[in-house]
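> Have a look at this one.
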Amino acid sequence: MAPVSALLRRHLRVHQIYGANTDVGKTIFATALCRAAAKLCKAESTSFLKPVSTGPSDEADSWSKLTGHDQTHIKRYAPSTADETLFQYDVACSPHSAAIRSGKISDSVSRRAALGPGWLFIETAGGVHSPGPSGTPQADLYAPLRVPAILVGDSKLGGISQTIAAFESLKLRGYDIDTLLLFQDEQYQNHLYLRDYFSTRADVSIETIPSPPRRSDDDSLETKTMMSYYDLTSSSDTMSRVLENLDRRGKDRIARLESMSDKASKSIWYPFTQQKHLSPDRISAIDSAHGDFFQVLTPEKSSANADDRPLLQAAFDGSASWWTQGLGHANPRLTLAAAYAAGRYGHVMFAGTIHEPALALAETLLREMRNPRLSRVFYTDNGSTGCEVAIKMALRAARTRYGWTAEEKLDILGLRGCYHGDTMGAMDCAEPNPFNEKVEWYEGKGFWFEYPTIRCFNGEWLVDVPSSLRGDLGNGAGFDSLSGVFELGARTKSDTFDDYKRYIHSTLERLHAEGRKFGALMIEPIILGAGGMIFVDPLFQRALIDVVRENPHLFGRAVSSAPQDENTWAGLPVVFDEVFTGLYRLGRFSASSLLGTHPDISVHAKMLTGGLVPLCATLASESIFSAFEGDEKSDALLHGHSYTAHAVGCQVAVESLREMLGMESRGAWDWAKADGWVTDQQHPQDINGMVPGPSGGLDDPTITQPVWSMWPREFVEHLSGQVPKVTGVWALGSILAISMAAKDGAGYESNAAAGLQTFLGKGTGSWNAHTRVLGNVFYVMASLTTSQESIKDMQNLLLEALKE
């Protein structure tokens, strides 16, 4: 089933009528609007759509059971209006999600648009938050359509509060509320208060019409009276102003959207982009986003029916918006959390103070990491700054332990292709020139190991050893399944593990003999993201950590008298950059659980707030923290930002983690785990797949821990057989990566994956996918809330692309 596209057309003005409550007159206003549109725009069509109507058919579209205005409101009083009800239920109940999920609304809009210019008014049922049987509030249900809203306020006693609450509920969900309509009630005069209230708070027009007359028991008299009422209201200056306002706002929205790309090309400086190649036609104008999809302005098409086509198209967010999306765009829970914190705190100073969101987030992270080493949380603005803080922590701890002076140069141990962000400190710890950039100030202070990698090829999971290392590490191995790659309990007892450790140890001995001094081991667990979606053999990373911790003599002679315990760092501080790989991106709360070991410092961002706002948390052990103790301010970790631990970010992160943990406990991903990845013999030991033992490791490292992906195993292994186009595939958690055969070589300069990206950008005609590539590597990233149906749709599109 194609994803839902927003309902924006050039000449069919579509508006959705919401009520601040039930029985506020939605159908009365809809009828008046339809009649007014028919009078003012005689050459155009006027349509009315009710996705869901509840109650007996002879009471459908009734304004109020109390006043008894019955079924035939639209048909009787706006006869020139084409009306349609998609779902009718005999028993009064809440709106049903089938109207939107089945695509029936979009189909109805398409039929109306084919008739030419006109108006379409979509009436909702009940109030803003009237729920469907699934429990989804109506405001959330229709949000992906991004239809401008007409809010019918409540003119009765208590209606002011109801109207303001309904207005704010819609605004929180990203609705554009073009106008607020009310009946004139001379007793309560809610409209006067609301006009003053909104005059300085929102760009919304407020219009009123007289209340309808009392119902007559005489049907003939009732029809005559109501016809007179509608003649008066639909011909009034009020309705003319309403329609003119709706028309102007709609045109302004389209004009702005269509000018954005051109204006952006002249005023925006884009990241990671050579601007001279970024012409306006290559800049996508995003109107909105919801769930896994952007709503993107479609390019103009020269055809006779160009004005009838949808102006917006759903585009799957295939890069998870630079890997940040965890719980879908416009997630109402995260939006509400942000609004709560903004309303309670705004932003408050975080120096010698504490507020509940920051403390709650720190407690949650330290508890759920299940890492007995970690005891402190340091907040920064983003992953790059969080990694720079981690580096500062590690270097100070190493200098203190080994007695090195500030003048002595310290290097960082890492893996070739690593990348830890764009600050100068973080760049110093990455492999030199990861993007083939010409950076004059870049020094590159580190040593980066080469290593074996993992790929699936022709259905077999291979350990690929670089040719330069085969003399030390052998020719690699193969596994029947991805689970076999992560069976570290068995693999750490193998000759391969001994070979890895021997090679690493000899390399460190050589570096030590050369006089190199190191201050930290810093790695991205399992996957090197920006370096090219490189899947590192987890056994090699485990061996690297073990060798570093088991051989402190290779780094220096300890001079500090810090107390030693099983949670004190040894050899070098081990830093895990989990900015990309953590928080269920790879299927686990912490990627460290996939290695069966614990870092001394770990960095978490991106998915931390579900992708909504920037925030990073750098977690550290007490032995790292103690290196900054002293009497002078200069002994402290002198790093901070104006928005350190901002309450909005922390509150959103608390809600994000709560939702992620809840999804895990509810089995939200069981469909993915059961799709060929997890066998009956594989069971998670706890929510992270780890059982901390007395030494902070696993009680029984031989226990097989489940690994899984949202991308079905059969599909992944099928892709791996698409040779010679495909040279390797891997999938883990929400990520799918495909390495394409490259005549121009691998790496960032390759264009081998551009064809796939182009095909997905064109899509099916009704939707497409917005993706990014890393040289010859094409990747697609789902969010944690991506449905099995959406995954299947993306599978089919990828298979079609590979046929090209």
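Identifiers in this document derive from the order of the structure tokens: chains are assigned A, B, ..., residues are numbered from 1 separately in each chain, and ligands are numbered from 1 in order of occurrence.
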What's the 8 Å shell around Thr423 of chain A, counting only C-alpha atoms, without same-chain residues fewer than 6 positions away, as an MDAnalysis selection string?
chainID A and resid 384:385 388
> Can you write out the residues you just picked, keeping C-alpha atoms, as a PDB file, in the first residue's frame?

ATOM      1  CA  SER A 384      30.710  16.061  17.775  1.00  0.00           C
ATOM      2  CA  THR A 385      31.034  18.093  20.960  1.00  0.00           C
ATOM      3  CA  GLU A 388      35.438  16.076  21.990  1.00  0.00           C
TER       4      GLU A 388
END
> Taking the chain letters and numbering used in this document, name the residues of segment 545-744 of chain A that DSSP puts in helix (DSSP H, G or I), as a PyMOL selection string.
chain A and resi 545-550+552-554+591-594+606-609+622-628+633-635+647-666+670-673+713-719
> Restricting the calculation to only C-alpha atoms: of A:Ala636, A:Met393, A:Leu508, A:Val780, which residue gets closest to Ser623 of chain A?
A:Met393
> Within 7 Å of Gln325 of chain A, counting only C-alpha atoms, which residues qualify if same-chain residues fewer than 2 places away don't, as number ranges by chain?
A: 320-321, 323, 327-328, 607, 610-611, 783
> Here is a test: counting only C-alpha atoms, which residue of A:Ser506, A:Thr233, A:Ser720, A:Asn190 is nearest to Leu799 of chain A?
A:Ser720
> Need to verify the contact set: Thr644 of chain A, 8 Å, only C-alpha atoms, exclusion of same-chain residues closer than 4 positions in sequence. Can you return it as a PyMOL selection string?
chain A and resi 349-350+379-381+640
> Selected residues, N, CA and C atoms, written as an mmCIF file, in the first residue's frame, please.

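That gives us selection-v9.cif:
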data_model
loop_
_atom_site.group_PDB
_atom_site.id
_atom_site.type_symbol
_atom_site.label_atom_id
_atom_site.label_comp_id
_atom_site.auth_asym_id
_atom_site.auth_seq_id
_atom_site.Cartn_x
_atom_site.Cartn_y
_atom_site.Cartn_z
ATOM 1 N N MET A 349 19.871 28.182 33.175
ATOM 2 C CA MET A 349 21.301 28.004 33.354
ATOM 3 C C MET A 349 21.608 26.639 33.963
ATOM 4 N N PHE A 350 22.655 25.982 33.453
ATOM 5 C CA PHE A 350 23.056 24.685 33.990
ATOM 6 C C PHE A 350 24.509 24.779 34.466
ATOM 7 N N TYR A 379 26.703 16.661 29.801
ATOM 8 C CA TYR A 379 25.835 17.037 28.688
ATOM 9 C C TYR A 379 26.513 18.031 27.751
ATOM 10 N N THR A 380 26.327 17.822 26.457
ATOM 11 C CA THR A 380 26.739 18.790 25.443
ATOM 12 C C THR A 380 25.632 18.910 24.403
ATOM 13 N N ASP A 381 25.935 19.658 23.344
ATOM 14 C CA ASP A 381 24.883 19.979 22.374
ATOM 15 C C ASP A 381 24.677 18.937 21.292
ATOM 16 N N GLY A 640 31.793 23.578 28.050
ATOM 17 C CA GLY A 640 30.369 23.813 28.247
ATOM 18 C C GLY A 640 29.779 24.609 27.108
#
> Would you kindly return, as a list in words, each protein, DNA or RNA residue with an atom no farther than 8 Å from any atom of Val654 of chain A, considering only C-alpha atoms and excluding same-chain residues fewer than 6 positions away?
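Here the qualifying residues turn out to be Pro357, Ala360, Leu361, Thr364 and Thr609 of chain A.
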> Which is closest to Gly676 of chain A among A:Gly728, A:Phe535, A:Ser481, A:Glu655, if we use only C-alpha atoms?
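For Gly676 of chain A, the nearest of the given residues is A:Ser481.
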> Just give me the gap between atom CA of Phe486 of chain A and atom CA of Cys456 of chain A in Å, one decimal is fine.
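Going from atom CA of Phe486 of chain A over to atom CA of Cys456 of chain A covers 14.0 Å.
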> Tell me, which residues of segment 594-786 of chain A carry DSSP strand (DSSP E or B), written as a VMD selection string?
chain A and resid 601 to 604 616 to 621 692 698 709 726 to 733 735 to 740 767 to 770 773 to 774 777 to 781
> Limited to C-alpha atoms, could you put the picked residues into a file as a JSON list (two decimals), in the first residue's frame?

[["chain", "number", "residue", "atom", "x", "y", "z"],
["A", 601, "ILE", "CA", 33.44, 6.45, 28.44],
["A", 602, "SER", "CA", 30.52, 6.35, 26.01],
["A", 603, "VAL", "CA", 28.93, 9.05, 23.87],
["A", 604, "HIS", "CA", 25.23, 9.12, 22.96],
["A", 616, "CYS", "CA", 24.37, 14.63, 23.62],
["A", 617, "ALA", "CA", 25.29, 12.77, 26.79],
["A", 618, "THR", "CA", 28.87, 11.64, 27.46],
["A", 619, "LEU", "CA", 28.95, 8.98, 30.18],
["A", 620, "ALA", "CA", 32.09, 8.33, 32.19],
["A", 621, "SER", "CA", 33.39, 6.11, 34.97],
["A", 692, "PRO", "CA", 26.59, -8.00, 33.90],
["A", 698, "LEU", "CA", 28.99, -11.47, 30.95],
["A", 709, "SER", "CA", 17.31, -6.62, 11.61],
["A", 726, "VAL", "CA", 26.54, -6.09, -5.63],
["A", 727, "THR", "CA", 29.78, -6.95, -3.86],
["A", 728, "GLY", "CA", 28.36, -7.23, -0.37],
["A", 729, "VAL", "CA", 25.38, -6.56, 1.86],
["A", 730, "TRP", "CA", 24.78, -6.34, 5.58],
["A", 731, "ALA", "CA", 21.80, -5.58, 7.78],
["A", 732, "LEU", "CA", 21.64, -5.00, 11.50],
["A", 733, "GLY", "CA", 18.92, -3.31, 13.55],
["A", 735, "ILE", "CA", 20.16, -0.39, 8.82],
["A", 736, "LEU", "CA", 20.61, -1.97, 5.41],
["A", 737, "ALA", "CA", 23.90, -1.33, 3.54],
["A", 738, "ILE", "CA", 24.66, -2.44, -0.02],
["A", 739, "SER", "CA", 28.17, -2.21, -1.49],
["A", 740, "MET", "CA", 28.06, -1.74, -5.23],
["A", 767, "TRP", "CA", 5.93, 7.97, -3.57],
["A", 768, "ASN", "CA", 9.70, 7.86, -3.57],
["A", 769, "ALA", "CA", 12.64, 7.58, -1.19],
["A", 770, "HIS", "CA", 15.04, 10.29, -0.15],
["A", 773, "VAL", "CA", 25.11, 7.37, -0.38],
["A", 774, "LEU", "CA", 28.64, 6.98, 0.92],
["A", 777, "VAL", "CA", 27.87, 2.16, -0.49],
["A", 778, "PHE", "CA", 24.13, 2.65, -0.65],
["A", 779, "TYR", "CA", 22.28, 2.48, 2.64],
["A", 780, "VAL", "CA", 18.70, 2.71, 3.86],
["A", 781, "MET", "CA", 17.86, 3.35, 7.47]]
> Using only C-alpha atoms, which of A:Thr492, A:Thr400, A:Thr85, A:Thr163 sits nearest Phe625 of chain A?
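Checking each candidate against Phe625 of chain A, we get A:Thr400 as the closest.
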> Taking only C-alpha atoms into account, name the residue in A:Ser790, A:Ser169, A:Gln564, A:Asn21 that is nearest to Arg401 of chain A.
A:Gln564
> Which one is closest to Ser106 of chain A: A:Asn245, A:Ser642, A:Gln313, A:Ser319? Count only C-alpha atoms.
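Among the listed residues, A:Gln313 lies closest to Ser106 of chain A.
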> Hey, what's within 8 Å of Gly721 of chain A if we count only C-alpha atoms and toss same-chain stuff fewer than 5 positions away? As JSON, numbers by chain, please?
{"A": [457, 458, 459, 726]}
> What is the distance, in Å and to one decimal place, between atom CA of Pro552 of chain A and atom CA of Tyr402 of chain A?
9.9 Å
> Would you pick out the contacts of Ile122 of chain A at 8 Å or less, using only C-alpha atoms, so that residues sharing its chain but fewer than 2 positions from it are not included, and give the list as number ranges by chain?
A: 14-17, 48-51, 120, 124
> Any chance you could export the current selection's N, CA and C atoms as a PDB file, in the first residue's frame?

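Printed below is part-v9.pdb as written:
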ATOM      1  N   VAL A  14      -8.546  22.405  -0.460  1.00  0.00           N
ATOM      2  CA  VAL A  14      -9.010  21.377   0.474  1.00  0.00           C
ATOM      3  C   VAL A  14      -8.829  21.889   1.891  1.00  0.00           C
ATOM      4  N   HIS A  15      -9.898  21.841   2.682  1.00  0.00           N
ATOM      5  CA  HIS A  15      -9.833  22.277   4.076  1.00  0.00           C
ATOM      6  C   HIS A  15     -10.554  21.266   4.956  1.00  0.00           C
ATOM      7  N   GLN A  16     -10.029  21.119   6.147  1.00  0.00           N
ATOM      8  CA  GLN A  16     -10.572  20.138   7.082  1.00  0.00           C
ATOM      9  C   GLN A  16     -11.229  20.875   8.252  1.00  0.00           C
ATOM     10  N   ILE A  17     -12.463  20.512   8.530  1.00  0.00           N
ATOM     11  CA  ILE A  17     -13.233  21.193   9.565  1.00  0.00           C
ATOM     12  C   ILE A  17     -13.159  20.376  10.852  1.00  0.00           C
ATOM     13  N   PHE A  48     -18.125  18.104  -0.521  1.00  0.00           N
ATOM     14  CA  PHE A  48     -18.113  17.856   0.925  1.00  0.00           C
ATOM     15  C   PHE A  48     -17.760  16.394   1.150  1.00  0.00           C
ATOM     16  N   LEU A  49     -16.865  16.162   2.070  1.00  0.00           N
ATOM     17  CA  LEU A  49     -16.428  14.794   2.357  1.00  0.00           C
ATOM     18  C   LEU A  49     -16.450  14.561   3.852  1.00  0.00           C
ATOM     19  N   LYS A  50     -17.080  13.484   4.239  1.00  0.00           N
ATOM     20  CA  LYS A  50     -17.032  13.058   5.632  1.00  0.00           C
ATOM     21  C   LYS A  50     -16.387  11.674   5.660  1.00  0.00           C
ATOM     22  N   PRO A  51     -15.121  11.571   6.073  1.00  0.00           N
ATOM     23  CA  PRO A  51     -14.457  10.269   6.059  1.00  0.00           C
ATOM     24  C   PRO A  51     -15.193   9.220   6.870  1.00  0.00           C
ATOM     25  N   LEU A 120     -13.168  21.745  -1.517  1.00  0.00           N
ATOM     26  CA  LEU A 120     -13.522  20.503  -0.853  1.00  0.00           C
ATOM     27  C   LEU A 120     -13.393  20.713   0.648  1.00  0.00           C
ATOM     28  N   THR A 124     -14.578  16.429  10.085  1.00  0.00           N
ATOM     29  CA  THR A 124     -14.194  15.386  11.036  1.00  0.00           C
ATOM     30  C   THR A 124     -15.390  15.046  11.908  1.00  0.00           C
TER      31      THR A 124
END
